[in-house]
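Just model.txt here, compact mmCIF, C-alpha atoms:
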# COMPACT_ATOMS: atom_id res chain seq x y z
CA MET A 112 0.00 0.00 0.00
CA SER A 113 1.27 3.51 -0.85
CA ARG A 114 1.65 5.90 2.07
CA ARG A 115 2.66 9.51 2.46
CA ILE A 116 5.96 10.33 4.19
CA ASP A 117 7.16 13.72 5.42
CA ILE A 118 10.84 14.43 6.16
CA LYS A 119 12.45 17.63 7.36
CA ALA A 120 15.23 19.55 5.61
CA GLY A 121 18.58 17.92 6.36
CA GLU A 122 17.14 14.50 7.18
CA TYR A 123 18.17 11.43 5.21
CA LEU A 124 15.61 9.33 3.38
CA PHE A 125 18.19 6.58 2.93
CA ARG A 126 21.94 6.16 3.03
CA GLU A 127 24.36 4.35 0.76
CA GLY A 128 24.37 0.64 1.61
CA ASP A 129 20.82 0.60 3.01
CA PRO A 130 18.50 -2.22 1.86
CA PRO A 131 16.06 -1.30 -0.96
CA THR A 132 12.68 -1.38 0.77
CA SER A 133 10.78 1.13 -1.37
CA ALA A 134 10.96 3.76 -4.07
CA TYR A 135 9.57 7.25 -3.55
CA LEU A 136 7.64 9.80 -5.59
CA ILE A 137 8.31 13.40 -4.56
CA GLU A 138 5.06 15.22 -3.93
CA SER A 139 6.69 18.50 -2.86
CA GLY A 140 10.13 19.78 -1.87
CA GLN A 141 13.63 18.83 -3.05
CA VAL A 142 15.93 15.86 -2.40
CA GLU A 143 19.70 15.74 -2.96
CA ILE A 144 21.28 12.56 -4.29
CA SER A 145 25.00 12.31 -3.46
CA THR A 146 27.87 9.86 -3.14
CA LEU A 147 31.56 9.92 -2.30
CA GLN A 148 34.31 10.30 -4.87
CA ASN A 149 37.81 9.60 -3.56
CA GLY A 150 36.46 10.18 -0.07
CA GLN A 151 34.89 13.55 -0.92
CA PRO A 152 31.12 14.31 -1.18
CA LEU A 153 29.85 14.45 -4.76
CA LEU A 154 26.39 15.82 -5.59
CA LEU A 155 24.80 13.71 -8.32
CA SER A 156 21.44 15.42 -8.72
CA VAL A 157 18.71 17.46 -7.09
CA LEU A 158 15.24 16.00 -7.54
CA GLY A 159 11.95 17.84 -7.15
CA GLU A 160 8.18 17.53 -7.43
CA GLY A 161 7.09 14.64 -9.67
CA ASP A 162 10.48 12.90 -9.66
CA LEU A 163 10.91 9.24 -8.67
CA LEU A 164 13.92 8.13 -6.62
CA GLY A 165 15.22 4.91 -5.16
CA GLU A 166 13.57 2.76 -7.82
CA MET A 167 16.74 1.26 -9.31
CA ALA A 168 17.79 -0.47 -6.12
CA VAL A 169 14.27 -1.83 -5.76
CA ILE A 170 14.27 -3.16 -9.33
CA ASP A 171 17.48 -5.17 -9.01
CA GLN A 172 17.31 -5.65 -5.23
CA SER A 173 20.74 -4.16 -4.65
CA PRO A 174 21.87 -2.04 -1.70
CA ARG A 175 21.46 1.70 -2.10
CA THR A 176 24.35 3.18 -4.11
CA ALA A 177 23.91 6.81 -2.98
CA ASP A 178 22.59 8.98 -0.16
CA ALA A 179 19.21 10.72 -0.42
CA ARG A 180 18.89 13.79 1.84
CA ALA A 181 16.08 16.35 2.02
CA ARG A 182 17.29 19.74 0.80
CA THR A 183 13.98 21.27 1.94
CA ASP A 184 11.00 19.90 3.81
CA VAL A 185 9.78 17.11 1.59
CA ALA A 186 6.51 15.20 1.17
CA LEU A 187 6.84 11.82 -0.55
CA ILE A 188 4.61 8.98 -1.61
CA GLU A 189 6.10 5.57 -0.90
CA VAL A 190 5.99 3.05 -3.76
CA ASP A 191 6.57 -0.47 -2.47
CA GLN A 192 8.45 -3.28 -4.16
CA ALA A 193 5.31 -5.22 -5.11
CA GLN A 194 3.91 -2.27 -7.06
CA ILE A 195 7.12 -1.94 -9.08
CA SER A 196 7.63 -5.67 -9.61
CA GLU A 197 4.08 -6.17 -10.86
CA ARG A 198 4.40 -3.46 -13.48
CA ILE A 199 7.77 -4.68 -14.68
CA SER A 200 6.63 -8.30 -14.91
CA ASN A 201 3.64 -7.21 -17.03
CA ALA A 202 5.80 -5.14 -19.37
CA ASP A 203 6.89 -6.24 -22.82
CA PRO A 204 10.08 -8.39 -22.68
CA ILE A 205 11.89 -5.87 -24.88
CA VAL A 206 11.00 -3.06 -22.48
CA ARG A 207 12.26 -5.18 -19.58
CA ALA A 208 15.49 -5.84 -21.46
CA LEU A 209 16.00 -2.16 -22.19
CA LEU A 210 15.39 -1.33 -18.54
CA ARG A 211 17.83 -4.02 -17.45
CA GLY A 212 20.47 -2.71 -19.83
CA GLN A 213 20.04 0.88 -18.70
CA LEU A 214 20.20 -0.17 -15.06
CA PHE A 215 23.41 -2.10 -15.65
CA ARG A 216 25.00 0.85 -17.42
CA TYR A 217 23.92 3.19 -14.63
CA ARG A 218 25.51 0.94 -12.02
CA ASN A 219 28.74 0.77 -14.00
CA ALA A 220 28.86 4.52 -14.58
CA LEU A 221 28.22 5.25 -10.91
CA ALA A 222 30.90 2.81 -9.81
CA GLN A 223 33.42 4.42 -12.16
CA LEU A 224 32.42 7.87 -10.99
CA ARG A 225 32.98 6.99 -7.33
CA SER A 226 36.30 5.27 -7.95
CA GLY A 227 37.59 7.56 -10.70
CA THR A 228 38.30 4.56 -12.94
CA SER A 229 37.76 4.32 -16.70
CA SER A 230 35.27 2.29 -18.65
CA GLU A 231 37.96 -0.32 -19.22
CA SER A 232 37.46 -1.48 -15.64
CA ALA A 233 33.69 -1.83 -15.96
CA VAL A 234 32.22 -4.82 -14.21
CA ALA A 235 30.36 -7.60 -16.01
CA PHE A 236 26.81 -8.67 -15.41
CA PRO A 237 26.29 -10.56 -12.15
CA ALA A 238 26.65 -14.33 -12.19
CA GLY A 239 23.47 -16.26 -12.82
CA GLN A 240 22.06 -13.74 -15.31
CA SER A 241 22.32 -16.23 -18.13
CA HIS A 242 19.46 -14.59 -20.02
CA VAL A 243 21.40 -11.32 -20.25
CA ASP A 244 24.22 -10.87 -22.71
CA ALA A 245 27.31 -8.67 -22.48
CA ASP A 246 25.47 -5.68 -23.91
CA GLY A 247 22.76 -5.77 -21.28
CA TYR A 248 19.98 -7.31 -23.34
CA ASP A 249 17.74 -10.16 -22.38
CA ASN A 250 18.22 -13.07 -24.77
CA SER A 251 14.46 -13.63 -24.98
CA ALA A 252 13.99 -9.99 -25.94
CA VAL A 253 16.75 -10.21 -28.54
CA ALA A 254 15.03 -13.30 -29.92
CA LYS A 255 11.80 -11.35 -30.10
CA ILE A 256 13.42 -8.49 -32.00
CA TRP A 257 15.11 -10.97 -34.31
CA LEU A 258 11.81 -12.77 -34.92
CA GLU A 259 10.16 -9.46 -35.77
CA THR A 260 12.89 -8.78 -38.34
CA GLN A 261 12.43 -12.22 -39.87
CA LEU A 262 8.66 -11.74 -39.97
CA ARG A 263 9.20 -8.53 -41.92
CA ASP A 264 11.40 -10.46 -44.36
CA ALA A 265 8.83 -13.26 -44.67
CA LEU A 266 6.17 -10.67 -45.43
CA THR A 267 8.32 -8.94 -48.03
CA ASN A 268 9.29 -12.23 -49.67
CA GLY A 269 5.75 -13.63 -49.71
CA GLU A 270 6.66 -16.50 -47.38
CA LEU A 271 3.56 -16.38 -45.18
CA ASP A 272 1.12 -19.14 -46.07
CA VAL A 273 -2.61 -18.45 -46.16
CA ARG A 274 -4.69 -21.57 -45.55
CA PHE A 275 -8.41 -22.03 -46.00
CA GLN A 276 -10.59 -23.99 -43.58
CA PRO A 277 -13.91 -25.03 -45.14
CA ILE A 278 -17.28 -23.94 -43.80
CA TYR A 279 -20.11 -26.38 -44.53
CA GLU A 280 -23.71 -25.40 -45.19
CA ILE A 281 -25.55 -28.21 -43.41
CA SER A 282 -28.93 -28.21 -45.15
CA LYS A 283 -27.45 -27.95 -48.64
CA ARG A 284 -24.62 -30.39 -47.89
CA HIS A 285 -21.89 -28.40 -49.60
CA ILE A 286 -18.90 -26.22 -48.80
CA ALA A 287 -20.27 -22.67 -48.85
CA GLY A 288 -17.09 -20.85 -47.89
CA TYR A 289 -13.81 -20.79 -46.01
CA GLU A 290 -12.03 -19.06 -43.18
CA ALA A 291 -8.60 -17.68 -44.10
CA LEU A 292 -5.86 -18.59 -41.61
CA VAL A 293 -2.30 -17.28 -41.95
CA ARG A 294 0.58 -19.63 -41.17
CA TRP A 295 4.36 -19.14 -41.03
CA THR A 296 7.01 -21.82 -41.39
CA HIS A 297 10.29 -20.41 -40.11
CA PRO A 298 13.41 -21.60 -41.99
CA GLN A 299 15.12 -22.67 -38.75
CA ARG A 300 12.36 -23.09 -36.17
CA GLY A 301 9.80 -24.66 -38.44
CA PRO A 302 6.08 -23.88 -37.98
CA ILE A 303 5.53 -20.98 -35.58
CA SER A 304 2.28 -20.76 -33.66
CA PRO A 305 -0.04 -18.05 -34.99
CA MET A 306 -0.57 -17.04 -31.37
CA GLU A 307 3.12 -16.11 -31.22
CA PHE A 308 3.69 -14.30 -34.49
CA ILE A 309 0.27 -12.67 -34.74
CA ALA A 310 0.69 -11.38 -31.19
CA LEU A 311 4.12 -10.06 -32.19
CA ALA A 312 2.62 -8.38 -35.26
CA GLU A 313 -0.10 -6.85 -33.08
CA GLU A 314 2.57 -5.22 -30.89
CA THR A 315 4.07 -3.51 -33.91
CA SER A 316 2.81 -1.94 -37.09
CA LEU A 317 3.34 -5.28 -38.85
CA ILE A 318 -0.25 -6.39 -38.30
CA LEU A 319 -1.41 -3.84 -40.87
CA PRO A 320 0.69 -5.15 -43.80
CA VAL A 321 0.01 -8.72 -42.63
CA GLY A 322 -3.72 -7.97 -42.89
CA GLU A 323 -3.29 -6.51 -46.37
CA TYR A 324 -1.17 -9.53 -47.36
CA VAL A 325 -3.93 -11.92 -46.25
CA LEU A 326 -6.60 -9.91 -48.06
CA ASP A 327 -4.57 -10.00 -51.27
CA ARG A 328 -4.20 -13.79 -51.01
CA VAL A 329 -7.90 -14.21 -50.23
CA ALA A 330 -8.99 -12.09 -53.20
CA GLY A 331 -6.55 -14.00 -55.40
CA ALA A 332 -7.96 -17.32 -54.18
CA ILE A 333 -11.53 -16.26 -54.93
CA ALA A 334 -10.48 -15.11 -58.40
CA ARG A 335 -8.81 -18.45 -59.12
CA ILE A 336 -11.88 -20.40 -57.96
CA MET A 337 -14.18 -18.31 -60.13
CA GLN A 338 -11.86 -18.49 -63.14
CA SER A 339 -11.98 -22.30 -62.93
CA GLY A 340 -15.65 -22.17 -63.91
CA ASP A 341 -16.95 -22.77 -60.38
CA THR A 342 -20.23 -20.81 -60.23
CA SER A 343 -21.07 -21.47 -56.56
CA ALA A 344 -19.32 -18.24 -55.53
CA PRO A 345 -17.91 -19.29 -52.13
CA PHE A 346 -17.16 -16.64 -49.53
CA ILE A 347 -13.90 -16.40 -47.60
CA ALA A 348 -13.89 -14.95 -44.09
CA VAL A 349 -10.96 -12.81 -42.93
CA ASN A 350 -10.21 -12.14 -39.27
CA MET A 351 -9.73 -8.54 -38.19
CA SER A 352 -7.34 -7.66 -35.38
CA GLY A 353 -7.79 -4.94 -32.81
CA ARG A 354 -5.02 -2.85 -34.29
CA GLN A 355 -6.47 -3.14 -37.79
CA LEU A 356 -9.79 -1.98 -36.44
CA ALA A 357 -8.19 0.97 -34.67
CA GLU A 358 -5.65 2.09 -37.27
CA ALA A 359 -6.52 0.75 -40.72
CA ASP A 360 -9.36 1.38 -43.13
CA MET A 361 -10.31 -2.26 -43.50
CA LEU A 362 -13.05 -1.59 -46.01
CA ALA A 363 -10.70 0.36 -48.28
CA ALA A 364 -8.22 -2.52 -48.12
CA ILE A 365 -10.96 -4.99 -49.09
CA ASN A 366 -12.02 -2.80 -52.01
CA GLN A 367 -8.42 -2.47 -53.19
CA ALA A 368 -7.83 -6.24 -53.08
CA ALA A 369 -11.15 -6.95 -54.82
CA ASP A 370 -10.45 -4.44 -57.59
CA LYS A 371 -6.94 -5.79 -58.09
CA HIS A 372 -8.17 -9.34 -58.65
CA GLY A 373 -11.46 -8.48 -60.33
CA ILE A 374 -13.76 -10.21 -57.86
CA ASP A 375 -17.06 -9.39 -56.19
CA ARG A 376 -16.09 -7.81 -52.87
CA ARG A 377 -19.19 -9.41 -51.33
CA GLN A 378 -17.41 -12.75 -51.42
CA ILE A 379 -15.08 -11.49 -48.68
CA LYS A 380 -16.56 -11.68 -45.19
CA VAL A 381 -15.09 -9.77 -42.23
CA GLU A 382 -14.76 -11.58 -38.90
CA VAL A 383 -14.49 -9.53 -35.72
CA THR A 384 -13.40 -11.29 -32.52
CA GLU A 385 -15.82 -10.83 -29.66
CA SER A 386 -13.34 -9.01 -27.42
CA LEU A 387 -13.21 -6.19 -30.00
CA THR A 388 -16.96 -5.63 -29.90
CA LEU A 389 -16.56 -3.82 -26.61
CA ASP A 390 -15.80 -0.83 -28.84
CA TYR A 391 -19.40 -0.54 -30.03
CA GLU A 392 -18.97 2.76 -31.82
CA ARG A 393 -16.00 1.69 -33.95
CA VAL A 394 -17.34 -1.77 -34.77
CA GLY A 395 -20.82 -0.39 -35.43
CA GLU A 396 -19.39 2.10 -37.91
CA LEU A 397 -17.46 -0.68 -39.66
CA ILE A 398 -20.58 -2.85 -39.92
CA GLU A 399 -22.62 -0.01 -41.40
CA ARG A 400 -19.95 0.75 -44.00
CA CYS A 401 -19.62 -2.92 -44.91
CA HIS A 402 -23.37 -3.40 -45.22
CA ALA A 403 -23.57 -0.35 -47.49
CA THR A 404 -21.40 -2.23 -50.02
CA GLY A 405 -22.92 -5.66 -49.43
CA ILE A 406 -20.02 -7.06 -47.37
CA LYS A 407 -21.11 -9.30 -44.50
CA VAL A 408 -19.63 -9.17 -41.00
CA ALA A 409 -19.35 -12.09 -38.59
CA LEU A 410 -18.95 -12.14 -34.81
CA ASP A 411 -16.21 -14.65 -34.01
CA ASP A 412 -15.82 -16.77 -30.85
CA PHE A 413 -19.26 -16.10 -29.39
CA GLY A 414 -19.53 -17.85 -26.06
CA THR A 415 -16.04 -17.06 -24.76
CA GLY A 416 -15.10 -14.92 -21.77
CA TYR A 417 -16.26 -11.66 -23.34
CA SER A 418 -19.73 -12.89 -24.21
CA ASN A 419 -22.41 -10.27 -23.86
CA LEU A 420 -25.88 -10.25 -25.38
CA GLY A 421 -25.44 -6.53 -25.82
CA HIS A 422 -23.10 -7.33 -28.71
CA LEU A 423 -25.97 -8.95 -30.59
CA HIS A 424 -28.43 -6.27 -29.55
CA LYS A 425 -26.33 -3.25 -30.51
CA LEU A 426 -24.36 -4.61 -33.47
CA LYS A 427 -26.04 -6.00 -36.58
CA PHE A 428 -23.86 -8.97 -37.42
CA ASN A 429 -24.79 -11.13 -40.39
CA THR A 430 -23.18 -14.21 -38.86
CA VAL A 431 -22.37 -15.43 -35.35
CA LYS A 432 -19.66 -18.06 -34.86
CA LEU A 433 -20.32 -20.23 -31.82
CA ASP A 434 -17.22 -21.12 -29.83
CA GLN A 435 -16.15 -24.74 -30.21
CA GLY A 436 -16.39 -25.43 -26.48
CA PHE A 437 -20.20 -25.67 -26.66
CA VAL A 438 -20.23 -27.98 -29.68
CA ARG A 439 -17.73 -30.41 -28.17
CA GLN A 440 -19.81 -30.82 -25.01
CA MET A 441 -23.35 -30.63 -26.33
CA LEU A 442 -23.92 -34.39 -26.82
CA ASP A 443 -22.53 -35.25 -23.39
CA ALA A 444 -23.97 -32.38 -21.37
CA PRO A 445 -27.73 -31.66 -21.67
CA ARG A 446 -27.25 -28.11 -20.37
CA SER A 447 -24.69 -27.42 -23.07
CA LEU A 448 -27.07 -28.78 -25.71
CA ALA A 449 -29.82 -26.54 -24.35
CA ILE A 450 -27.51 -23.51 -24.58
CA VAL A 451 -26.57 -24.35 -28.19
CA LYS A 452 -30.25 -24.71 -29.09
CA ALA A 453 -31.12 -21.39 -27.44
CA ILE A 454 -28.26 -19.56 -29.16
CA ILE A 455 -29.24 -20.95 -32.58
CA GLU A 456 -32.84 -19.87 -32.08
CA MET A 457 -31.78 -16.43 -30.83
CA VAL A 458 -29.45 -15.86 -33.78
CA ARG A 459 -32.14 -16.94 -36.25
CA ALA A 460 -34.59 -14.54 -34.61
CA LEU A 461 -32.08 -11.76 -35.23
CA GLU A 462 -32.04 -12.76 -38.93
CA ALA A 463 -28.42 -13.81 -38.77
CA ASP A 464 -26.68 -17.10 -39.55
CA LEU A 465 -24.77 -19.27 -37.09
CA VAL A 466 -21.53 -21.15 -37.70
CA ALA A 467 -20.85 -23.88 -35.15
CA GLU A 468 -17.09 -24.26 -34.68
CA GLY A 469 -15.24 -27.35 -33.53
CA VAL A 470 -17.42 -29.96 -35.26
CA GLU A 471 -15.49 -33.23 -35.13
CA THR A 472 -18.07 -36.05 -35.35
CA GLU A 473 -20.96 -37.02 -37.58
CA ALA A 474 -23.20 -37.11 -34.50
CA GLN A 475 -22.42 -33.47 -33.71
CA LEU A 476 -23.13 -32.48 -37.31
CA ALA A 477 -26.42 -34.36 -37.33
CA ALA A 478 -27.50 -32.76 -34.06
CA LEU A 479 -26.71 -29.28 -35.38
CA GLY A 480 -28.73 -30.02 -38.51
CA GLU A 481 -31.73 -31.01 -36.38
CA LEU A 482 -31.38 -27.71 -34.49
CA ASN A 483 -31.49 -25.79 -37.81
CA CYS A 484 -27.93 -24.50 -37.51
CA ARG A 485 -26.93 -23.23 -40.93
CA TYR A 486 -23.13 -23.71 -41.00
CA ALA A 487 -20.56 -26.03 -39.44
CA GLN A 488 -16.78 -25.74 -39.24
CA GLY A 489 -14.23 -28.13 -37.76
CA TYR A 490 -11.94 -31.04 -38.49
CA LEU A 491 -14.87 -33.24 -39.57
CA ILE A 492 -15.56 -30.75 -42.35
CA GLY A 493 -11.89 -30.21 -43.14
CA LYS A 494 -8.61 -28.94 -41.77
CA PRO A 495 -7.02 -25.72 -43.08
CA GLN A 496 -6.00 -26.37 -46.71
CA SER A 497 -3.73 -24.84 -49.29
CA LEU A 498 -5.37 -23.18 -52.27
CA ASP A 499 -4.28 -26.08 -54.48
CA GLU A 500 -6.03 -28.52 -52.13
CA VAL A 501 -9.13 -26.32 -52.15
CA MET A 502 -9.17 -26.34 -55.95
CA GLU A 503 -8.70 -30.12 -56.13
CA ARG A 504 -11.52 -30.81 -53.68
CA ARG A 505 -13.89 -28.41 -55.42
CA ARG A 506 -13.19 -30.13 -58.74
CA GLY A 507 -13.82 -33.50 -57.09
Can you turn what I pasted into structure tokens?
Amino acid sequence: MSRRIDIKAGEYLFREGDPPTSAYLIESGQVEISTLQNGQPLLLSVLGEGDLLGEMAVIDQSPRTADARARTDVALIEVDQAQISERISNADPIVRALLRGQLFRYRNALAQLRSGTSSESAVAFPAGQSHVDADGYDNSAVAKIWLETQLRDALTNGELDVRFQPIYEISKRHIAGYEALVRWTHPQRGPISPMEFIALAEETSLILPVGEYVLDRVAGAIARIMQSGDTSAPFIAVNMSGRQLAEADMLAAINQAADKHGIDRRQIKVEVTESLTLDYERVGELIERCHATGIKVALDDFGTGYSNLGHLHKLKFNTVKLDQGFVRQMLDAPRSLAIVKAIIEMVRALEADLVAEGVETEAQLAALGELNCRYAQGYLIGKPQSLDEVMERRRG
């Protein structure tokens, strides 16, 4: 818990060598930070209102390396170790690495300043810090930066693979469309989980060109299917990330890809994950713009932790995708089956379609058909496929 501390002018907040119990935020007054150089006092800085002090020792749990004395009457807010540790542990690994490197360099510089030695006598990182290299960077953070660079190269070189998982229209017994899923096979590491590289792309501006890359591949796939003489006009659904929603004009990107490949833009369906629908205004605007041009919008992962009927009430989705957890349990758990039935009926009443995800058995598919669910998706219907596999199966 934070608490307020008052110290008088001339009093010490801490002395060199003291244990690092807390950091302090100066609310009012001034604090001098000093050390000894060749046995003589050396003023390092004077801190004032809004400045933080004592945090470095708390971060690396090292004894205080300087004295902190009140130059005037001072009011401080104590910041305990738990508050600092929690924020650092939740920070991006690269930010943690940069902080660690800066802290190491500060310690070295202060040690040289006190002793009057040169940088040639700088100390190395403490033993046991195997994840930190000689330049002060965390190896995991370096790996993350390196992976980002390689992802940029893969994007530039067209090495990301877009796969297509079929979506089955139950009553008509045919493949009505697909969901586009991007995959990356790293030259050294092999297949990298989408959760890892998509999350990395989300942290940077890369998610925007990745989204455009996927749209281009999707439009190209639709064009190839149509050029083969296939008149069923399948749709392909494309997932939208939070950053795309916030920073990119998704509709303009769809139009550009459709125009480039000469396809009907209405064959591209936008999927919005349920967590993003908390931004009703932005998603509502997107849906209205899409509907104005005939593009359909789906709500993905309905039934997960963010589920809220307000999403269906306030946002006019054309399709709702039911999370696979319900489908996998519905034949074994009567309550789960009742929930699936209620959701299907509710979605139909809203004049929208429902896609049941995670369908893996014929019994599940049959049950969904009896409940008047329109679409099914899952390994029973088909795993994510290359475009060549899609073309072969459509010909068959």
Exercise: A:Arg377 partners within 9 Å, all atoms listed in the file, chain neighbours under 6 positions left out, as a VMD selection string
chain A and resid 346 404 to 407
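Closest approach to A:Glu456 among A:Arg439, A:Arg505, A:Arg485, A:Lys425 is made by A:Arg485 (distances from all atoms listed in the file).
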In Å, how far is it from atom CA of A:Leu163 to atom CA of A:Thr132?
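Those two atoms sit 14.3 Å apart.
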Record the distance separating atom CA of A:Ala291 and atom CA of A:Gly493, expressed in Å with one decimal.
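Here the two named atoms are 13.0 Å from each other.
One distance worth recording is that between atom CA of A:Arg376 and atom CA of A:Arg504, which is 23.5 Å.
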Proximity to A:Ile278 - best of A:Ala332, A:Ala478, A:Ala467, A:Ala193, only C-alpha atoms
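For A:Ile278, the nearest of the given residues is A:Ala467.
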Leaving out A:Leu356 and any residue of its chain fewer than 6 positions from it, which residues lie within 12 Å of it when counting only C-alpha atoms, given as a ChimeraX atom specification?
/A:313,318-319,322,350,362,364,381-384,386-388,390-398
Step by step, gather every atom of stretch 432-438 of chain A that the file lists, find the box along x, y and z that holds them, add 8 Å on each side, and finally give centre and edge lengths in Å to one decimal, as JSON.
{"center_x": -18.2, "center_y": -23.0, "center_z": -30.7, "size_x": 20.2, "size_y": 25.9, "size_z": 24.4}
Considering only C-alpha atoms, give me a table of residues in stretch 281-326 of chain A that are at most 10 Å from stretch 252-266 of chain A, with the closest atom pair and distance in Å for each, as a tab-separated table.
residue	atom	partner	partner_atom	distance
A:Trp295	CA	A:Ala265	CA	8.2
A:Thr296	CA	A:Ala265	CA	9.3
A:His297	CA	A:Gln261	CA	8.5
A:Pro298	CA	A:Gln261	CA	9.7
A:Glu307	CA	A:Lys255	CA	10.0
A:Phe308	CA	A:Leu262	CA	7.8
A:Ile309	CA	A:Leu262	CA	9.9
A:Leu311	CA	A:Glu259	CA	7.0
A:Ala312	CA	A:Glu259	CA	7.6
A:Glu314	CA	A:Glu259	CA	10.0
A:Thr315	CA	A:Glu259	CA	8.7
A:Leu317	CA	A:Arg263	CA	7.4
A:Pro320	CA	A:Leu266	CA	7.9
A:Val321	CA	A:Leu266	CA	7.0
A:Tyr324	CA	A:Leu266	CA	7.7
Can you write just those residues out, C-alpha atoms, as a JSON list (two decimals), keeping the file's coordinate frame?
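Output file result34.json follows:
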[["chain", "number", "residue", "atom", "x", "y", "z"],
["A", 295, "TRP", "CA", 4.36, -19.14, -41.03],
["A", 296, "THR", "CA", 7.01, -21.82, -41.39],
["A", 297, "HIS", "CA", 10.29, -20.41, -40.11],
["A", 298, "PRO", "CA", 13.41, -21.60, -41.99],
["A", 307, "GLU", "CA", 3.12, -16.11, -31.22],
["A", 308, "PHE", "CA", 3.69, -14.30, -34.49],
["A", 309, "ILE", "CA", 0.27, -12.67, -34.74],
["A", 311, "LEU", "CA", 4.12, -10.06, -32.19],
["A", 312, "ALA", "CA", 2.62, -8.38, -35.26],
["A", 314, "GLU", "CA", 2.57, -5.22, -30.89],
["A", 315, "THR", "CA", 4.07, -3.51, -33.91],
["A", 317, "LEU", "CA", 3.34, -5.28, -38.85],
["A", 320, "PRO", "CA", 0.69, -5.15, -43.80],
["A", 321, "VAL", "CA", 0.01, -8.72, -42.63],
["A", 324, "TYR", "CA", -1.17, -9.53, -47.36]]
Between A:Gln148, A:Ser173, A:Ser133, A:Thr430, which is the closest to A:Ile195 once you count only C-alpha atoms?
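So, comparing all the options, the nearest one is A:Ser133.
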Using only C-alpha atoms for the distances, tell me which of A:Met502, A:Asn483, A:Ala474, A:Ala134 is nearest to A:Ile336.
A:Met502
Between A:Arg182, A:His372, A:Arg328, A:Lys380, which residue has the minimum interatomic distance to A:Tyr289, considering all atoms listed in the file?
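Closest residue, counting all atoms listed in the file: A:Lys380.
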Distance criterion (all atoms listed in the file): nearest to A:Pro277 out of A:Ile199, A:Ile347, A:Val190, A:Met306
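Going through A:Ile199, A:Ile347, A:Val190, A:Met306 one by one, the smallest distance to A:Pro277 is for A:Ile347.
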Distance query 10 Å from (-22.8, -37.3, -26.7) using all atoms listed in the file, result as a list in words:
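Residues close enough to count: Arg439, Gln440, Met441, Leu442, Asp443, Ala444, Pro445, Leu448, Thr472, Ala474, Gln475 and Ala478 of chain A.
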